[in-house]
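S.K.: If it helps, the file is called input_26.csv and holds CSV, C-alpha atoms:
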```csv
chain,number,residue,atom,x,y,z
R,1,MET,CA,26.8,22.1,13.0
R,2,GLN,CA,25.0,22.4,9.6
R,3,ILE,CA,26.3,21.8,6.2
R,4,THR,CA,25.2,23.6,3.1
R,5,CYS,CA,25.2,22.1,-0.4
R,6,PRO,CA,26.8,24.8,-2.6
R,7,ARG,CA,24.7,26.3,-5.4
R,8,LYS,CA,27.7,26.3,-7.7
R,9,SER,CA,28.5,22.6,-7.8
R,10,ASP,CA,28.0,19.6,-10.0
R,11,ILE,CA,25.6,18.0,-7.5
R,12,PRO,CA,22.2,18.0,-9.3
R,13,MET,CA,19.3,20.3,-8.4
R,14,ALA,CA,17.1,17.6,-7.0
R,15,THR,CA,19.8,16.5,-4.5
R,16,ARG,CA,20.6,20.1,-3.6
R,17,LEU,CA,17.0,21.0,-3.0
R,18,ARG,CA,16.5,18.0,-0.7
R,19,PHE,CA,19.7,18.9,1.1
R,20,GLU,CA,18.6,22.5,1.6
R,21,ARG,CA,15.1,21.5,2.7
R,22,ASN,CA,16.5,19.5,5.6
R,23,ARG,CA,19.0,22.2,6.5
R,24,VAL,CA,16.5,25.1,6.9
R,25,LEU,CA,13.5,23.5,8.7
R,26,PRO,CA,13.3,24.5,12.4
R,27,GLY,CA,14.6,22.2,15.1
R,28,ARG,CA,17.0,20.3,12.9
R,29,HIS,CA,20.6,20.4,14.2
R,30,LEU,CA,22.9,18.1,12.4
R,31,SER,CA,22.5,16.6,8.9
R,32,TYR,CA,23.9,13.1,8.5
R,33,ILE,CA,24.2,13.9,4.8
R,34,THR,CA,27.7,15.4,4.4
R,35,LEU,CA,29.0,17.3,1.4
R,36,GLU,CA,31.8,14.7,1.1
R,37,ASN,CA,29.3,11.9,0.8
R,38,GLU,CA,27.2,13.8,-1.8
R,39,GLN,CA,30.4,14.5,-3.8
R,40,ALA,CA,31.1,10.7,-3.6
R,41,MET,CA,27.6,10.1,-5.0
R,42,THR,CA,28.3,12.5,-7.8
R,43,ARG,CA,31.5,10.6,-8.7
R,44,ALA,CA,29.5,7.4,-8.7
R,45,TYR,CA,27.0,8.9,-11.1
R,46,LYS,CA,29.8,10.0,-13.4
R,47,GLY,CA,31.1,6.5,-13.5
R,48,LEU,CA,27.6,5.3,-14.5
R,49,ARG,CA,27.5,7.9,-17.3
R,50,ASN,CA,30.8,6.5,-18.6
R,51,SER,CA,29.4,2.9,-18.7
R,52,SER,CA,28.0,1.0,-21.7
R,53,VAL,CA,24.6,0.8,-20.1
R,54,PHE,CA,24.0,4.5,-19.6
R,55,ARG,CA,22.6,5.2,-23.0
R,56,LYS,CA,20.2,3.0,-25.0
R,57,ASN,CA,19.0,4.3,-28.4
R,58,ASP,CA,18.3,8.0,-27.6
R,59,ALA,CA,17.4,7.4,-23.9
R,60,GLU,CA,19.6,7.8,-20.8
R,61,LEU,CA,19.4,6.2,-17.4
R,62,GLU,CA,17.7,8.3,-14.7
R,63,VAL,CA,18.7,7.1,-11.3
R,64,ALA,CA,18.2,7.6,-7.6
R,65,SER,CA,20.3,6.2,-4.9
R,66,ILE,CA,20.4,6.3,-1.1
R,67,VAL,CA,22.9,5.2,1.5
R,68,VAL,CA,21.9,4.2,5.0
R,69,ASP,CA,23.8,3.2,8.2
R,70,VAL,CA,22.2,-0.1,8.9
R,71,HIS,CA,22.6,0.0,12.7
R,72,THR,CA,21.3,3.6,13.2
R,73,GLY,CA,18.9,4.3,10.3
R,74,HIS,CA,20.9,7.4,9.5
R,75,VAL,CA,20.7,8.4,5.8
R,76,ILE,CA,24.2,9.5,5.0
R,77,ALA,CA,23.9,10.1,1.3
R,78,HIS,CA,21.3,10.6,-1.4
R,79,TYR,CA,21.4,11.2,-5.1
R,80,SER,CA,18.9,12.0,-7.8
R,81,SER,CA,20.1,12.4,-11.4
R,82,GLY,CA,17.3,14.7,-12.5
R,83,MET,CA,15.3,17.8,-11.4
R,84,ILE,CA,12.7,15.6,-9.7
R,85,ASP,CA,13.5,14.0,-6.4
R,86,TYR,CA,12.9,10.4,-7.5
R,87,ALA,CA,13.3,9.2,-3.9
R,88,ASP,CA,9.8,10.3,-3.2
R,89,TYR,CA,8.4,10.6,-6.7
R,90,ARG,CA,4.6,10.4,-7.2
R,91,ASP,CA,3.4,7.1,-5.8
R,92,GLY,CA,6.7,5.4,-6.1
R,93,PHE,CA,7.6,2.6,-8.5
R,94,ALA,CA,6.8,-1.1,-8.7
R,95,ILE,CA,9.5,-2.9,-6.7
R,96,GLY,CA,9.6,-6.1,-8.7
R,97,SER,CA,11.6,-8.9,-7.1
R,98,LEU,CA,12.7,-6.7,-4.2
R,99,GLY,CA,9.5,-7.8,-2.4
R,100,LYS,CA,10.4,-11.5,-2.4
R,101,PRO,CA,12.8,-11.5,0.6
R,102,PHE,CA,10.0,-10.0,2.8
R,103,ILE,CA,7.5,-12.6,1.6
R,104,VAL,CA,10.0,-15.3,2.7
R,105,ALA,CA,10.6,-13.6,6.0
R,106,GLN,CA,6.8,-13.5,6.6
R,107,MET,CA,6.4,-17.2,5.7
R,108,LEU,CA,9.1,-18.1,8.2
R,109,GLU,CA,7.4,-15.9,10.8
R,110,MET,CA,4.2,-17.9,10.2
R,111,GLY,CA,5.9,-21.2,10.9
R,112,ALA,CA,7.3,-22.3,7.5
R,113,SER,CA,10.5,-24.4,7.6
R,114,PRO,CA,13.8,-22.7,6.9
R,115,ASN,CA,14.5,-25.8,4.8
R,116,LEU,CA,11.4,-25.4,2.6
R,117,THR,CA,11.6,-25.9,-1.1
R,118,LEU,CA,9.4,-24.5,-3.9
R,119,TYR,CA,8.7,-25.8,-7.4
R,120,ASP,CA,10.2,-23.7,-10.2
R,121,GLY,CA,7.8,-24.4,-13.0
R,122,PRO,CA,4.1,-24.8,-13.9
R,123,LYS,CA,2.1,-26.9,-11.6
R,124,ASN,CA,-1.5,-28.0,-11.4
R,125,GLY,CA,-2.5,-26.0,-14.5
R,126,ARG,CA,-1.6,-22.7,-12.9
R,127,LYS,CA,-0.7,-19.7,-15.0
R,128,THR,CA,3.1,-19.5,-14.2
R,129,PRO,CA,5.6,-16.8,-15.0
R,130,LYS,CA,8.9,-17.7,-16.5
R,131,ASN,CA,12.2,-16.5,-15.1
R,132,ALA,CA,14.3,-13.7,-16.6
R,133,ASN,CA,16.0,-16.3,-18.9
R,134,HIS,CA,12.5,-17.2,-20.2
R,135,LEU,CA,12.9,-20.7,-18.7
R,136,TRP,CA,12.0,-22.8,-15.7
R,137,THR,CA,14.3,-25.4,-14.0
R,138,CYS,CA,11.2,-27.6,-13.4
R,139,ARG,CA,12.5,-28.8,-10.0
R,140,GLN,CA,12.3,-28.0,-6.3
R,141,VAL,CA,14.5,-25.1,-5.3
R,142,THR,CA,15.7,-23.8,-2.0
R,143,ILE,CA,15.0,-20.4,-0.5
R,144,SER,CA,18.6,-19.4,-1.3
R,145,GLU,CA,18.3,-20.3,-5.0
R,146,ALA,CA,14.9,-18.7,-5.4
R,147,LEU,CA,16.0,-15.4,-3.9
R,148,SER,CA,19.6,-15.1,-5.2
R,149,LYS,CA,18.6,-16.0,-8.7
R,150,SER,CA,15.3,-14.1,-8.4
R,151,LEU,CA,13.2,-16.9,-9.7
R,152,ASN,CA,9.5,-16.1,-10.4
R,153,ALA,CA,7.6,-19.4,-10.6
R,154,PRO,CA,8.4,-20.5,-7.0
R,155,PHE,CA,6.5,-17.5,-5.6
R,156,VAL,CA,3.3,-18.3,-7.4
R,157,ASN,CA,3.5,-21.8,-6.1
R,158,LEU,CA,3.4,-20.8,-2.4
R,159,GLN,CA,0.0,-22.6,-2.0
R,160,ASP,CA,1.8,-25.9,-2.2
R,161,LEU,CA,3.0,-25.1,1.4
R,162,ASN,CA,0.7,-25.4,4.4
R,163,LEU,CA,0.2,-21.6,4.2
R,164,ASN,CA,-2.5,-19.4,2.7
R,165,PRO,CA,-0.7,-17.1,0.3
R,166,ARG,CA,-3.3,-14.3,0.7
R,167,GLN,CA,-2.7,-14.4,4.5
R,168,VAL,CA,1.1,-14.3,3.9
R,169,PHE,CA,0.7,-11.2,1.7
R,170,LEU,CA,-1.7,-9.5,4.1
R,171,ARG,CA,0.6,-10.0,7.1
R,172,ASN,CA,3.5,-8.8,4.9
R,173,GLU,CA,1.6,-5.5,4.5
R,174,VAL,CA,1.1,-5.3,8.3
R,175,SER,CA,4.9,-5.6,8.7
R,176,TYR,CA,5.5,-2.9,6.1
R,177,ARG,CA,3.1,-0.6,8.0
R,178,LYS,CA,5.0,-1.2,11.2
R,179,MET,CA,8.1,0.0,9.4
R,180,GLY,CA,6.3,3.2,8.5
R,181,ILE,CA,5.9,2.2,4.9
R,182,ARG,CA,2.7,3.6,3.3
R,183,SER,CA,-0.2,1.2,2.6
R,184,GLU,CA,-1.2,1.1,-1.0
R,185,GLN,CA,-4.8,1.9,-1.9
R,186,HIS,CA,-6.9,-1.2,-1.9
R,187,HIS,CA,-4.1,-3.3,-0.5
R,188,ILE,CA,-6.5,-6.1,0.6
R,189,GLU,CA,-7.6,-6.5,-3.0
R,190,MET,CA,-3.9,-6.3,-4.1
R,191,CYS,CA,-3.0,-9.2,-1.7
R,192,GLU,CA,-5.7,-11.3,-3.3
R,193,ASP,CA,-3.7,-11.3,-6.5
R,194,THR,CA,-1.5,-14.3,-5.8
R,195,TYR,CA,0.1,-14.1,-9.3
R,196,ASN,CA,1.2,-10.4,-9.3
R,197,TYR,CA,1.7,-9.5,-5.7
R,198,PRO,CA,4.7,-11.8,-5.1
R,199,LEU,CA,6.2,-10.7,-8.3
R,200,GLY,CA,6.3,-7.1,-7.1
R,201,ILE,CA,3.4,-5.0,-8.3
R,202,ARG,CA,3.5,-3.1,-5.0
R,203,GLN,CA,4.9,0.4,-5.4
R,204,MET,CA,7.4,2.0,-3.0
R,205,TYR,CA,9.6,5.1,-2.8
R,206,VAL,CA,13.4,4.6,-2.8
R,207,THR,CA,13.3,5.7,0.9
R,208,GLU,CA,10.7,3.0,1.7
R,209,VAL,CA,12.8,0.3,0.0
R,210,ALA,CA,15.7,1.4,2.1
R,211,GLN,CA,13.7,1.3,5.3
R,212,ALA,CA,12.5,-2.2,4.6
R,213,PHE,CA,16.0,-3.5,3.8
R,214,GLN,CA,17.4,-1.7,6.9
R,215,VAL,CA,15.3,-4.0,8.9
R,216,LEU,CA,16.6,-7.1,7.1
R,217,MET,CA,20.2,-6.1,7.3
R,218,ASN,CA,19.8,-5.2,11.0
R,219,ASP,CA,18.6,-8.7,11.9
R,220,GLY,CA,14.9,-7.8,12.1
R,221,LEU,CA,15.2,-4.6,14.2
R,222,CYS,CA,13.8,-1.4,12.8
R,223,TYR,CA,15.4,2.0,13.1
R,224,PRO,CA,13.2,4.6,11.4
R,225,LEU,CA,15.3,6.3,8.7
R,226,ARG,CA,16.2,10.0,9.2
R,227,GLU,CA,18.6,12.4,7.6
R,228,TYR,CA,19.2,14.8,10.6
R,229,GLU,CA,19.7,14.7,14.3
R,230,LEU,CA,16.9,15.8,16.6
R,231,GLY,CA,18.6,15.3,19.9
R,232,ASP,CA,16.3,12.4,20.9
R,233,THR,CA,17.2,8.8,21.4
R,234,LEU,CA,15.6,6.3,19.0
R,235,VAL,CA,14.7,2.9,20.4
R,236,PRO,CA,14.6,0.2,17.7
R,237,PHE,CA,11.7,-2.2,17.6
R,238,ARG,CA,11.5,-5.7,16.3
R,239,ILE,CA,9.7,-6.7,13.1
R,240,TYR,CA,11.1,-10.2,12.4
R,241,GLU,CA,12.8,-12.8,14.6
R,242,SER,CA,16.5,-12.8,14.1
R,243,LYS,CA,16.6,-16.5,13.3
R,244,ASN,CA,14.2,-15.9,10.4
R,245,VAL,CA,16.1,-13.0,9.1
R,246,ALA,CA,19.3,-15.1,9.2
R,247,VAL,CA,17.8,-17.5,6.7
R,248,VAL,CA,16.9,-14.6,4.3
R,249,LYS,CA,20.3,-12.9,4.7
R,250,GLN,CA,22.1,-16.2,3.9
R,251,ALA,CA,20.2,-16.4,0.7
R,252,LEU,CA,20.9,-12.7,-0.2
R,253,SER,CA,24.6,-13.3,0.4
R,254,GLN,CA,24.6,-15.7,-2.6
R,255,THR,CA,23.1,-13.0,-5.0
R,256,ILE,CA,26.6,-11.6,-5.7
R,257,VAL,CA,28.3,-15.0,-5.7
R,258,SER,CA,26.0,-17.0,-8.1
R,259,GLY,CA,22.9,-14.9,-8.6
R,260,THR,CA,21.7,-11.8,-10.4
R,261,MET,CA,24.6,-9.5,-9.2
R,262,LYS,CA,27.5,-11.9,-9.8
R,263,ALA,CA,28.8,-9.8,-12.7
R,264,HIS,CA,29.7,-7.1,-10.2
R,265,ARG,CA,31.5,-9.2,-7.6
R,266,SER,CA,35.0,-8.5,-9.1
R,267,SER,CA,34.3,-4.7,-8.7
R,268,LEU,CA,33.9,-4.9,-4.9
R,269,PRO,CA,36.6,-5.2,-2.2
R,270,GLU,CA,37.6,-8.7,-1.2
R,271,GLY,CA,37.2,-10.2,2.2
R,272,ARG,CA,33.7,-9.0,2.9
R,273,THR,CA,30.3,-10.7,2.8
R,274,TYR,CA,27.8,-8.8,0.6
R,275,TYR,CA,24.0,-9.0,0.7
R,276,SER,CA,22.2,-8.1,-2.4
R,277,LYS,CA,18.9,-8.2,-4.2
R,278,THR,CA,17.8,-7.0,-7.6
R,279,GLY,CA,14.4,-6.2,-9.0
R,280,THR,CA,12.9,-5.5,-12.4
R,281,SER,CA,9.3,-4.4,-12.9
R,282,THR,CA,6.8,-5.8,-15.3
R,283,ARG,CA,7.7,-4.8,-18.9
R,284,GLN,CA,11.2,-4.0,-17.7
R,285,GLN,CA,10.5,-0.3,-17.2
R,286,TYR,CA,12.1,0.1,-13.8
R,287,GLY,CA,15.1,-1.6,-12.2
R,288,TRP,CA,16.3,-1.8,-8.6
R,289,ALA,CA,19.3,-3.1,-6.7
R,290,VAL,CA,20.1,-3.4,-3.0
R,291,LEU,CA,23.7,-3.8,-1.8
R,292,SER,CA,24.9,-4.1,1.8
R,293,ASP,CA,28.0,-5.2,3.7
R,294,GLY,CA,25.9,-5.5,6.9
R,295,ASN,CA,26.9,-2.0,8.0
R,296,LEU,CA,26.2,0.2,5.0
R,297,LEU,CA,23.1,-0.2,2.8
R,298,VAL,CA,22.9,1.1,-0.7
R,299,VAL,CA,19.5,1.2,-2.6
R,300,SER,CA,19.4,2.3,-6.2
R,301,PHE,CA,16.6,2.8,-8.7
R,302,ALA,CA,17.0,3.1,-12.5
R,303,SER,CA,14.9,3.7,-15.5
R,304,TYR,CA,15.6,4.8,-19.1
R,305,GLY,CA,14.2,8.3,-19.6
R,306,ARG,CA,13.6,10.4,-22.8
R,307,CYS,CA,12.5,14.0,-23.1
R,308,GLN,CA,9.3,14.4,-24.9
R,309,GLY,CA,8.4,18.1,-25.3
R,310,ASP,CA,8.7,19.6,-21.8
R,311,ASN,CA,8.4,16.2,-20.0
R,312,MET,CA,10.8,13.5,-19.0
R,313,ILE,CA,9.2,10.1,-19.7
R,314,LEU,CA,10.5,7.1,-17.8
R,315,GLY,CA,10.5,3.5,-18.8
R,316,VAL,CA,11.0,4.1,-22.5
R,317,GLU,CA,13.5,1.3,-23.0
R,318,PRO,CA,13.7,-2.2,-21.4
R,319,LEU,CA,16.3,-2.9,-18.7
R,320,TYR,CA,17.3,-5.3,-16.0
R,321,GLY,CA,17.9,-4.1,-12.4
R,322,GLY,CA,21.1,-6.0,-12.0
R,323,SER,CA,23.0,-4.4,-14.9
R,324,THR,CA,21.7,-0.8,-14.4
R,325,ALA,CA,20.7,-0.1,-10.8
R,326,GLY,CA,23.1,-2.8,-9.7
R,327,LEU,CA,26.0,-1.0,-11.3
R,328,MET,CA,25.0,2.2,-9.7
R,329,SER,CA,24.9,0.6,-6.3
R,330,VAL,CA,28.4,-0.9,-6.7
R,331,LEU,CA,29.8,2.5,-7.8
R,332,VAL,CA,28.1,4.3,-4.9
R,333,TYR,CA,29.4,1.7,-2.4
R,334,ASN,CA,32.9,2.0,-3.6
R,335,GLU,CA,32.9,5.8,-3.6
R,336,ILE,CA,31.3,6.1,-0.2
R,337,LYS,CA,33.8,3.8,1.3
R,338,LYS,CA,36.6,6.0,0.0
R,339,VAL,CA,35.5,8.9,2.2
R,340,MET,CA,34.6,7.0,5.3
```
What do you get writing this file as structure tokens?

M.R.:
Amino acid sequence: MQITCPRKSDIPMATRLRFERNRVLPGRHLSYITLENEQAMTRAYKGLRNSSVFRKNDAELEVASIVVDVHTGHVIAHYSSGMIDYADYRDGFAIGSLGKPFIVAQMLEMGASPNLTLYDGPKNGRKTPKNANHLWTCRQVTISEALSKSLNAPFVNLQDLNLNPRQVFLRNEVSYRKMGIRSEQHHIEMCEDTYNYPLGIRQMYVTEVAQAFQVLMNDGLCYPLREYELGDTLVPFRIYESKNVAVVKQALSQTIVSGTMKAHRSSLPEGRTYYSKTGTSTRQQYGWAVLSDGNLLVVSFASYGRCQGDNMILGVEPLYGGSTAGLMSVLVYNEIKKVM
């Protein structure tokens, strides 16, 4: 069985080209990306276009979104709003605070207490970033509060624990590589940067972000993502201990209750636990949001784009991941659930 994405459709060119590329390569039998799911993604994008955040001055949101089955790694839907496939665009984009859950998971793997607290404020004369509200709480905060509210200062105060931050970051890169995520050039030097690395200077593709969060949502077991059936049997492999992932997931379950995605809670079905994380890059050029119910995983990327001559320039207006990519993730989740 193979499914073709029609040329005459309102599904954008980048998504159609990706769909066709998977369809025609030899040895590929069944695409997990169905036309019904792609149409659902298009409806989600139309909802975004009708929202108040879609346009800012003369710029519009460019988005990419991907939907993954957590327990198999199957990519069941993908959407890119422009001609370029932003899922695998250039070297990727800075992930911002999306990297924080993996730093916490790595700290726990290295023996940190699940009840640890970190100081949210300047300490010992360190250069300390403020949070999105341009303030600090100036108190010890839990893992749950630090992650769900995406606080910045706690993650440059890691050296207050009995752990070497550089070693945490280096081991974090090793875990990424085990997941099949590319190493960044000069990653050792990057991990020496104990101010910027934990705040998300690392770049990833949308697909790589989805792979990393598939591991977290699947209790530490990695299924390599794929969009088509090859007839073989994939055996998952463990990246993190399940007890450590449980601590991170509990924190991420609060993001939509009292954290950076709480504005969207009323738009989601009741009676389910949702795990979420938002990210915003330095200078607010790029926004991210991850949303999962433990079975489905949605990852969205957003950036304001403006045409200059023959080029689309991204990052031309400031944004927050929660209000832009976060909205896209919620719209995608709701539309995909309608057709499942």

S.K.: Which one is closest to Asn244 of chain R: R:Leu163, R:Ala302, R:Leu221, R:Val67? Count all atoms listed in the file.

M.R.: R:Leu221

S.K.: In Å, rounded to a single decimal, give me how far atom CA of Tyr205 of chain R is from atom CA of His74 of chain R.

M.R.: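 Atom CA of Tyr205 of chain R lies at a distance of 16.9 Å from atom CA of His74 of chain R.
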
S.K.: Using all atoms listed in the file, which protein or nucleic acid residues come within 6 Å of Cys138 of chain R? Drop anything in the same chain fewer than 2 positions from it, and give the result as a PyMOL selection string.

M.R.: chain R and resi 120-121+136

S.K.: Quick one: of R:Ser65, R:Gln167, R:Ser253, R:Ser281, who's nearest to Ser300 of chain R, counting only C-alpha atoms?

M.R.: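 Of R:Ser65, R:Gln167, R:Ser253, R:Ser281, the one nearest Ser300 of chain R, counting only C-alpha atoms, is R:Ser65.
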
S.K.: Interatomic distance between atom CA of Ile95 of chain R and atom CA of Gly200 of chain R?

M.R.: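 Between atom CA of Ile95 of chain R and atom CA of Gly200 of chain R the gap is 5.3 Å.
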
S.K.: Quick one: residues within 9 Å of (6.8, -0.7, -17.6) (file frame), counting all atoms listed in the file, please, as a ChimeraX atom specification.

M.R.: /R:94,281-286,314-318

S.K.: Residues proximal to (19.6, -16.8, -1.5) were defined as those with any atom within 7 Å of that point in the file's coordinates, counting only C-alpha atoms. Which are they, as JSON, numbers by chain?

M.R.: {"R": [143, 144, 145, 146, 147, 148, 248, 250, 251, 252, 253, 254, 255]}

S.K.: Rounded to one decimal, what separation in Å do you get between atom CA of Pro114 of chain R and atom CA of Gly259 of chain R?

M.R.: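 Atom CA of Pro114 of chain R sits 19.6 Å away from atom CA of Gly259 of chain R.
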
S.K.: Please provide as a list in words all residues within 8 Å of segment 226-243 of chain R, with the sequence filter that same-chain residues fewer than 5 positions apart are discarded (counting only C-alpha atoms).

M.R.: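 Residues meeting the cut-off are Asn22, Gly27, Arg28, His29, Leu30, Ser31, Tyr32, Ile33, Gly73, His74, Val75, Ile76, Ala105, Gln106, Glu109, Ser175, Lys178, Met179, Val215, Asp219, Gly220 and Leu221 of chain R.
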
S.K.: Residues at most 7 Å from segment 331-338 of chain R, counting all atoms listed in the file, excluding those fewer than 5 positions away in the same chain, as a ChimeraX atom specification?

M.R.: /R:37,40-41,44,298

S.K.: Taking all atoms listed in the file into account, name the residue in R:Gly125, R:Gly309, R:Gly180, R:Gly99 that is nearest to Tyr197 of chain R.

M.R.: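 Closest residue, counting all atoms listed in the file: R:Gly99.
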
S.K.: Find the residue from R:Ser150, R:Thr280, R:Ser329, R:Thr128 that sits nearest to Thr260 of chain R; use all atoms listed in the file when measuring.

M.R.: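 Once distances to Thr260 of chain R are computed over all atoms listed in the file, the minimum belongs to R:Ser150.
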
S.K.: Pick from R:Asp293, R:Glu38, R:Phe213, R:Ser183: nearest to Tyr79 of chain R, with all atoms listed in the file counted?

M.R.: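 Among R:Asp293, R:Glu38, R:Phe213, R:Ser183, it is R:Glu38 that comes nearest to Tyr79 of chain R.
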
S.K.: Between R:Ala153, R:Leu327, R:Ala132, R:Leu116, which one has atoms that come closest to Lys262 of chain R, using only C-alpha atoms?

M.R.: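 For Lys262 of chain R, the nearest of the candidates is R:Leu327.
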